[in-house]
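Asker: Following this message is one structure expressed as structure tokens.
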Amino acid sequence: MWWRSASFILDRQQEQNTSYPPNPESLLLSSPPPSMADSLQNPKPDISAYYQTRAAHHAVVTSDWLSQAQAAVSLQTNDDVSSGSDGRVAPTGGGTGGDNKTFSVIDEFNSWRKQPDLAEAVAAIRALAAVIRASQATTMMELEIELKKASDSLKAWDATSISLTAGCDLFMRYVTRTSALEYEDFNSARYRLIERAEKFGEISYKARRIIAMLSQDFIFDGCTILVHGFSRVVLEVLKTAAENKKHFRVFCTEGRPDRTGLRLSNELAKLDVPVKLLIDSAVAYTMDEVDMVLVGADGVVESGGIINMMGTYQIALVSHSMNKPVYVAAESYKFARLYPLDQKDMGPALRTIDFGVPIPSKVEVEKSARDYTPPQYLTLLFTDLGVLTPSVVSDELIQLYL
Amino acid sequence: MDPRRTARTVSDPKVRQVGFFTPAPPERSVSDPPRFQDPIQPPSPSPTQVNDHSPSGNSLSPVMIPPAHHHSDNFLRTALQATSPTKAFSYSAKTVTIPPENEDVASSFSPGRKVVSAKSPSSFPGVKASSVPASELTTVSVVNLPPGISEKAGGASVEVQNDRPVSAKTLKEKTSKAERRALQEAQRAAKAAAKAEGTKASSAASKVVTSANTKPSKAAKSSSQKNDGSQVAASEKKGGDRAPEKDRKKDAPHPRMQYDDKSRVEKAKKRAVVKQTEARNRVELFRHLPQYEHGTQLPDLETKFFELDPMHPAVYKVGLQYLSGDIRGGNARCIAMFQAFKEAIKDYSTPPEKTLIRDLTARISSYVSFLIECRPLSISMGNAIKFLKNRIAKLPLALSESEAKSTLMLDIDRFINEKIILSEKVIVKHAVTKIRDGDVLLTYGASSVVEMILLHAHELGKHFHVVVVDSRPKLEGQLLLRRLVRKGLSCTYTHVNAVSCIMQDVTRVFLGASSVLSNGTVYSRVGTACVAMVAHAFHVPVLVCCEAYKFHERVQLDSICFNELGNPDAISKVQGRKEINYLDGLVNQENLQLLNLIYDATPSDYVSMIITDYGMIPPTSVPVIVREYRRDHLWS
């Protein structure tokens, strides 16, 4: 007999996938994986690399994280030796180009993403620029194929990161739209691409500035803003508002399990902004006092909804039912051609959750790191393209990608 | 990327506005971030795009909805949709006077007809000279005819004008003597009529001119609806088939003719090839739609096969197939029509002293009008016909006849391949990603695309269950069910009455569509809206699969304005069940109206996603597709 069972089956499939992992080490959650510093392959395929990096950037020290880091230090020496050979699979040269060239985009990408201020998409684009530099292609077509391979391998390396995918897609889009015909020859086109990739870093920073400027109109004196998680854009927005001598106060959620809210409240306290810290479950309780909700986004999808840290959806639901506006601050390179229909429609980005006490093995733990907030619960998106309603996102994406 | 994206540095974000706005001086704050180049945009200029960041600020931003087109070639396409009342409001009120040299043209109209002139420079030079150039919107105006017929028409226009504000700027200085006299006479007639009706006579001057008002008042609605039939039909004529020889017989009745307009219906009847008998008890609310007795035309047409010399046999055959219901489904009908047209073009030869472009357009129009008589066009067919006519009109004059014909035939093939067959494949590719193992998929009716999706997903080895929901009287779902079960899919079959019971077990609803309108409304087989609403209430995502060539820029809020009525006998009788005869003998009763609607409109709120050949989009993005791709692909 048939029955509505999709989610159960999905869950079961995931379990099955994890039960015969390629890497026996990853079964034992206690055993520390090599940290990002030296991971050339995704060390734990069941744990989102994206969220590992974020945790590293935010310097949030959980006990889990600490043990991982310590173990990584001890493992580093032999890991480098072992992964040094198999990590350089040279995704650029599947037989065409770099046969003698041992170059890996993933290497490059990981070295870029170690920089805490650099967004994931920018790291991806820089990595792709390195591919162009290293490539020995002589025609645009060749280069394009090489880049395509590189970006595919990058995307496959961490399928959970939306901005990585979006960054790769954006750059590929740019490359395919730039033909050597517009320039005098292949080399100038190539330099143009590299130059563009180099610029991307500052652009991402500038995008944050623009978003901060745009959102100033929405922050009024005496307002109370609820924020969730730690987002660089949101911090920039609040910082600018504080610099503009606006009087407002901020409610920070704790942001379990990696406690990103704690970090944000720290930063805000440094700016002398009145901050109140809430536990994640106190959102509905405090919603009465809140004037607006401001969140960042890991990715903005085609429907105009956002994918963000776990908990965003329920905050949006609560504020929608209380008629409070929900604003999203996101750079336009986070726009992704995805269209989730419901929460389970995306591949889950898992992460470890530290409950502080041992959990019996029979108890399941929901480990997903993010959720999807449908567009009807969002009021406006602050992006570097302007302040958009959710429905405009698709417009922009269509113009970008088609 | 295109230049407008490069231009869109957000140096002053406030400039970016959505919707129509008046040009304002760009204000720049001191703290403007410096202009930077957008990361992803090569400076490749593409001519079709509009630069949005010009300092004047009155050009289009990419998020803006472009205003109505104001070129004559664009007018053609808007004219086709003009019958829906909502559309008609966009025409501004302007007066166009007809210079004397056109009087012979005008008087050749059948009595009572109003002359409509649009700003269409190519076909009507005299009008263009006198029309007001400043108008932003498409100019449509109706001028009553000089003596002889003015009384009747004037009277009609008075009736129309009675209760709404009228623009007074009517008479231009440049009107010729003859015209002024004509106008005066018309005014006199109008005044008399107005007095008889006891209305104020102050708006006499404007009474002569029936102009569609931009103001969407209710009063205007009735009038514009009334005018639309004539306006549109007339303006269509000048779109290219206003051949100098004035063979009015080729004149096609407009697909969206309002059938409650008696005079228009009379005229259409005279031209009609198919003799339709009107239904006895027409449903009051749907009087504007054709309601005919079903089942009477076929034998009549068959006898006439050899008498209809202008009709190509292939077209004739397709028409008969439409009539009998052998060909149904948007794509199938469209392909059949195009293949018939291809045959017709193959056998076409330009008559002496005629040009191919004009004569062929007229020929196609007459075919189309024949097909409409067999069964009203679907929106997708309307789009396809517009495409074909556009291709004909854009043919270079230098082309020889055989070259032109082969170009057109290639175009038709390309349309069928790219817009229908390939786009179906792309849709299947997209949609399959949304099917997971363990899903329970619900579909309604029989959509060819949905069937392809289900079969493809099955081929990929996905395990899912299909619920086919069906409804009387067509029971198309059974056909689909048969094909699915044969391929080994696990299926459930139920009728739409049970949809609320079954919906709680469903994880995805896949629906086909006859058309998607630009407000996201899905226009589809009747019952679709019901299924979508139930799915929405159960929080089940509704995925609508529709090829982009079926998108239409019209906006429709209900399923009354435009619809198709099926055979009322189909719902009053149940085939094979002789004992259900409660309605026997009641069908001719005065107080019984049987309504068999074919389509309904699903509001966009109930649609989670539209899967089209350009990817998966939210229903709010339909206008984007229409705006961005219509112009480039379909119309160029």
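Identifiers in the structure tokens: chain A, B, ... in order shown; residue index from 1 per chain; ligand index from 1 in order shown.
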Quick one: residues within 6 Å of His320 of chain A, only C-alpha atoms, excluding same-chain residues fewer than 4 positions away - as a list of chain:residue names?
Answerer: A:Ala316, A:Lys324, A:Tyr377
Asker: Tell me, as a PyMOL selection string, which residues lie within 8 Å of Tyr372 of chain A, counting only C-alpha atoms; anything in the same chain fewer than 3 positions away does not count.
Answerer: chain A and resi 305-308+312-313+340+342-343
Asker: For atom CA of Asp613 of chain B and atom CA of Arg483 of chain B, determine how far apart the two atoms are, in Å to one decimal place.
Answerer: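 Value for the atom CA of Asp613 of chain B-atom CA of Arg483 of chain B distance: 24.4 Å.
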Asker: Would you compute the distance between atom CA of Phe464 of chain B and atom CA of Val540 of chain B? Give it in Å to one decimal.
Answerer: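 Result for atom CA of Phe464 of chain B versus atom CA of Val540 of chain B: 15.7 Å, one decimal.
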Asker: Hey, which of A:Leu294, A:Leu277, A:Val233, A:Val301 ends up closest to Leu341 of chain A? Count only C-alpha atoms.
Answerer: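 Smallest separation from Leu341 of chain A among the options: A:Val301.
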Asker: So that I can see what lies close to Ser500 of chain B, please list as a PyMOL selection string the residues with an atom at most 9 Å from it, counting only C-alpha atoms and leaving out residues fewer than 5 positions away in the same chain.
Answerer: chain B and resi 531+534-535+538
Asker: Next, the residues of the selection above should be written as a JSON list (two decimals), in the first residue's frame with N, CA and C atoms.
Answerer:
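Saved file result.json follows:
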[["chain", "number", "residue", "atom", "x", "y", "z"],
["B", 531, "VAL", "N", -8.48, 21.52, -7.75],
["B", 531, "VAL", "CA", -7.41, 20.65, -7.26],
["B", 531, "VAL", "C", -6.30, 21.48, -6.63],
["B", 534, "VAL", "N", -7.34, 22.80, -3.18],
["B", 534, "VAL", "CA", -7.32, 21.77, -2.14],
["B", 534, "VAL", "C", -5.86, 21.47, -1.75],
["B", 535, "ALA", "N", -5.00, 21.39, -2.76],
["B", 535, "ALA", "CA", -3.59, 21.12, -2.48],
["B", 535, "ALA", "C", -2.99, 22.23, -1.62],
["B", 538, "PHE", "N", -3.89, 21.90, 1.89],
["B", 538, "PHE", "CA", -3.18, 20.82, 2.57],
["B", 538, "PHE", "C", -1.67, 21.05, 2.58]]
Asker: Between B:Leu408, B:Leu583, B:Ile435, B:Ile345, which has the minimum distance to chain A (counting only C-alpha atoms)?
Answerer: B:Ile435
